[in-house]
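Heads up: the structure comes next, in structure tokens.
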Amino acid sequence: MQSVYALVVAAGRGSRFGGERPKQYLPLAGRMVLYHAVSAFARHPCIAGVQVMIRPEDRAVFDDAVAGLPVLPPCAGGATRQESVRLGLEAMALHQPESVLIHDGARPYAGAALIDRVIDALGRAPAAIPCLPLRDTIKRAEDGLIRTTVDRSRLWRAQTPQGFHFAAIRAAHCAVAGGDLTDDSAVAEAAGLMPVLVPGDEENLKITTPEDLAAAARLLAARLGDVRVGQGFDVHAFGPGDKIVLCGVDIPYGASLVGHSDADVGLHALTDAVLGAICAGDIGQHFPPSDPQWRGAASEQFLRHAAALVEARGGVVAGVDVTIICERPRIGPYRAAMIERVAAILGIAADRVSVKATTTDRLGFTGRGEGVAAQAVATVRLPL
């Protein structure tokens, strides 16, 4: 099998979109646009590695965007898209790939079948470009007046990922360095390569305007039309110690919660809720208390595992709600930190996480201060 790498270009500012944040870092279904663009390649069995080109000042938000994905360390892009790709190819040369797929970070829906088509075409040509035919009648106009109708029969809309034999496209980029060609097919053509055309995908839209982002959100909602809800509940008693862990946050206290792991009732309940939403059993089945490797373990690993099971099924965690039940300690001062921590573990936006607290008016074991309970609800969206 040929060695195929992916190069994702995400160093642009997205000026046509507007706003303070580049479009590739805007939220889309609980993740950032770039996450969707990169994950298509990071999880494809034929892609050996993924290199992303970014602006150095975007490094922190980039790390958030691709958290959990197996990608190479990012490289700094250039002043133009063409320069960014050339710099990326130079960095990628260290890995000696046979072929490379070059993709726009603002295209979140490059499906596995599309990637397969491009890779397969590289077996018979040095370059392969996914394209779509023009469906509308095309007019040429000047000064607001239509002058003529253009024959559309030989016109195509080019998409990415565009595939190339690595040595050929690297040499082509070096030959035209300093230019401002709009895609890598144009670079290949300038070098005398003749790319083969492969069928594109209508869902592989590029986000350029706010309307495109709204369309992408509607498309994903239609794809993930199977909405599931799961619930979880957990209890741990107090024991000796000086802190407790709730929803991944350390809280100083005159006792600790007793459990095989770190006894984080919030994350335990939430893990069960996510597992329940996809009918995948409970936390004890995946992490048996009898297994010594989980003694004292951070419970965020359990929640990450549950979220990974959702993702493996092509789904997303759409939103979660956790309620902590105790008389003490006070949860309010730590609530914002809990929300941020849960959002980070799940890789979703903080506005999709709710953490609340309540008491039982001194009734029952929590009312007597004997321990802490938590209940959680998770909403998951899966493909139909």
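Chains: A, B, ... in order of the structure tokens. Residues: from 1 per chain. Ligands: from 1, in order shown.
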(request) Might you pull out every residue within 12 Å of Tyr109 of chain A, with only C-alpha atoms counted and same-chain residues fewer than 5 positions away left off, and present them as a PyMOL selection string? (result) chain A and resi 28+33-41+103-104+114-115+159-161+200-207+213+215-217+219-220+223
Could you take the residues named above and write them with C-alpha atoms, as a short mmCIF file (atom, residue, chain, number, x, y, z; two decimals), in the first residue's frame?
data_model
loop_
_atom_site.label_atom_id
_atom_site.label_comp_id
_atom_site.auth_asym_id
_atom_site.auth_seq_id
_atom_site.Cartn_x
_atom_site.Cartn_y
_atom_site.Cartn_z
CA LEU A 28 -20.02 23.40 14.33
CA VAL A 33 -15.00 23.40 11.84
CA LEU A 34 -11.33 22.38 11.68
CA TYR A 35 -11.95 19.36 13.89
CA HIS A 36 -14.39 17.93 11.35
CA ALA A 37 -12.01 18.68 8.46
CA VAL A 38 -9.03 17.04 10.15
CA SER A 39 -10.82 14.05 11.67
CA ALA A 40 -11.88 12.81 8.23
CA PHE A 41 -8.22 12.13 7.46
CA HIS A 103 -7.37 19.78 1.82
CA ASP A 104 -8.92 23.08 2.89
CA LEU A 114 -14.44 10.74 -1.50
CA ILE A 115 -11.00 10.23 0.03
CA GLN A 159 -13.08 20.60 -4.55
CA THR A 160 -10.53 19.30 -2.07
CA PRO A 161 -8.90 16.99 -1.08
CA GLY A 200 -16.77 15.12 -6.04
CA ASP A 201 -19.39 15.21 -3.31
CA GLU A 202 -22.21 17.76 -3.03
CA GLU A 203 -21.99 17.56 0.78
CA ASN A 204 -18.30 18.50 0.71
CA LEU A 205 -19.13 22.19 0.98
CA LYS A 206 -16.63 24.94 1.69
CA ILE A 207 -17.45 27.42 4.43
CA LEU A 213 -21.79 27.66 8.18
CA ALA A 215 -25.91 25.15 5.84
CA ALA A 216 -23.14 22.94 7.26
CA ALA A 217 -24.93 22.81 10.63
CA LEU A 219 -26.42 19.16 6.91
CA LEU A 220 -24.83 17.61 9.99
CA ARG A 223 -26.91 13.28 8.98
#
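For Ala357 of chain A, the residues within 6 Å (counting only C-alpha atoms, excluding itself and residues fewer than 4 positions away along the chain) are Thr323, Ile324 and Ile325 of chain A.
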Prev. selection, N, CA and C atoms, output as a PDB file, in the first residue's frame:
ATOM      1  N   THR A 323     -26.117  17.049  37.832  1.00  0.00           N
ATOM      2  CA  THR A 323     -26.580  17.627  39.097  1.00  0.00           C
ATOM      3  C   THR A 323     -25.828  16.968  40.245  1.00  0.00           C
ATOM      4  N   ILE A 324     -25.128  17.776  41.036  1.00  0.00           N
ATOM      5  CA  ILE A 324     -24.412  17.302  42.226  1.00  0.00           C
ATOM      6  C   ILE A 324     -25.350  17.463  43.428  1.00  0.00           C
ATOM      7  N   ILE A 325     -25.465  16.400  44.239  1.00  0.00           N
ATOM      8  CA  ILE A 325     -26.381  16.409  45.379  1.00  0.00           C
ATOM      9  C   ILE A 325     -25.567  16.252  46.664  1.00  0.00           C
TER      10      ILE A 325
END
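Between Val8 of chain A and the residues A:Pro22, A:Gly30, A:Gly105, A:Pro97, the shortest atom-to-atom distance, using only C-alpha atoms, involves A:Gly105.
Counting only C-alpha atoms, Pro333 of chain A has the following residues at most 12 Å away, ignoring those fewer than 4 positions along the same chain: A:Val249, A:Asp250, A:Ile251, A:Pro252, A:Pro329, A:Ala337, A:Met338, A:Ile339, A:Val355, A:Lys356, A:Ala357.
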Export, as a PDB file, in the first residue's frame, the selected residues with C-alpha atoms.
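Written output follows (part_26.pdb):
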ATOM      1  CA  VAL A 249     -12.050  19.697  39.591  1.00  0.00           C
ATOM      2  CA  ASP A 250     -10.174  19.399  42.897  1.00  0.00           C
ATOM      3  CA  ILE A 251     -12.092  20.937  45.803  1.00  0.00           C
ATOM      4  CA  PRO A 252     -10.314  21.416  49.176  1.00  0.00           C
ATOM      5  CA  PRO A 329     -18.935  21.321  50.103  1.00  0.00           C
ATOM      6  CA  ALA A 337     -14.429  25.385  36.343  1.00  0.00           C
ATOM      7  CA  MET A 338     -16.442  22.143  36.271  1.00  0.00           C
ATOM      8  CA  ILE A 339     -18.249  23.209  33.122  1.00  0.00           C
ATOM      9  CA  VAL A 355     -23.540  21.607  35.999  1.00  0.00           C
ATOM     10  CA  LYS A 356     -25.964  22.256  38.867  1.00  0.00           C
ATOM     11  CA  ALA A 357     -26.051  21.536  42.561  1.00  0.00           C
TER      12      ALA A 357
END
(request) For Glu370 of chain A, work out the shell of residues within 10 Å, counting only C-alpha atoms and skipping chain neighbours fewer than 2 positions away, then give it as a list in words. (result)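 The neighbour list is His236, Ala237, Phe238, Gly239, Leu257, Cys326, Glu327, Arg328, Gly364, Phe365, Thr366, Gly367, Arg368 and Val372 of chain A.
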(message) Can you pull out the residues contacting Ala158 of chain A? Cut-off 8 Å, using only C-alpha atoms, and skip same-chain residues under 6 positions away; I want them as a PyMOL selection string.
(response) chain A and resi 129-132+200
(request) as a ChimeraX atom specification, list the residues of segment 203-269 of chain A assigned to alpha helix (DSSP H) by DSSP on the backbone atoms of this structure. (result) /A:210-223,265-269
Could you write out that same residue set with C-alpha atoms as a compact mmCIF listing (two decimals), in the first residue's frame?
# COMPACT_ATOMS: atom_id res chain seq x y z
CA PRO A 210 -22.09 32.71 7.60
CA GLU A 211 -24.76 31.21 5.34
CA ASP A 212 -22.36 28.36 4.49
CA LEU A 213 -21.79 27.66 8.18
CA ALA A 214 -25.54 27.54 8.78
CA ALA A 215 -25.91 25.15 5.84
CA ALA A 216 -23.14 22.94 7.26
CA ALA A 217 -24.93 22.81 10.63
CA ARG A 218 -28.20 21.82 8.93
CA LEU A 219 -26.42 19.16 6.91
CA LEU A 220 -24.83 17.61 9.99
CA ALA A 221 -28.13 17.71 11.86
CA ALA A 222 -29.74 15.82 8.98
CA ARG A 223 -26.91 13.28 8.98
CA VAL A 265 -19.31 11.02 41.31
CA GLY A 266 -20.04 13.71 38.72
CA LEU A 267 -17.93 12.12 35.98
CA HIS A 268 -19.05 8.61 36.95
CA ALA A 269 -22.70 9.56 36.58
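With only C-alpha atoms as the atoms that count, the residue of A:Asp351, A:Glu311, A:Asp234, A:Asp184 with the shortest distance to Arg43 of chain A is A:Glu311.
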(request) Give the answer as one residue: which of A:Ala376, A:Val61, A:Leu89, A:Ala112 has the shortest atom-to-atom distance to Ala42 of chain A, using only C-alpha atoms? (result) A:Ala112
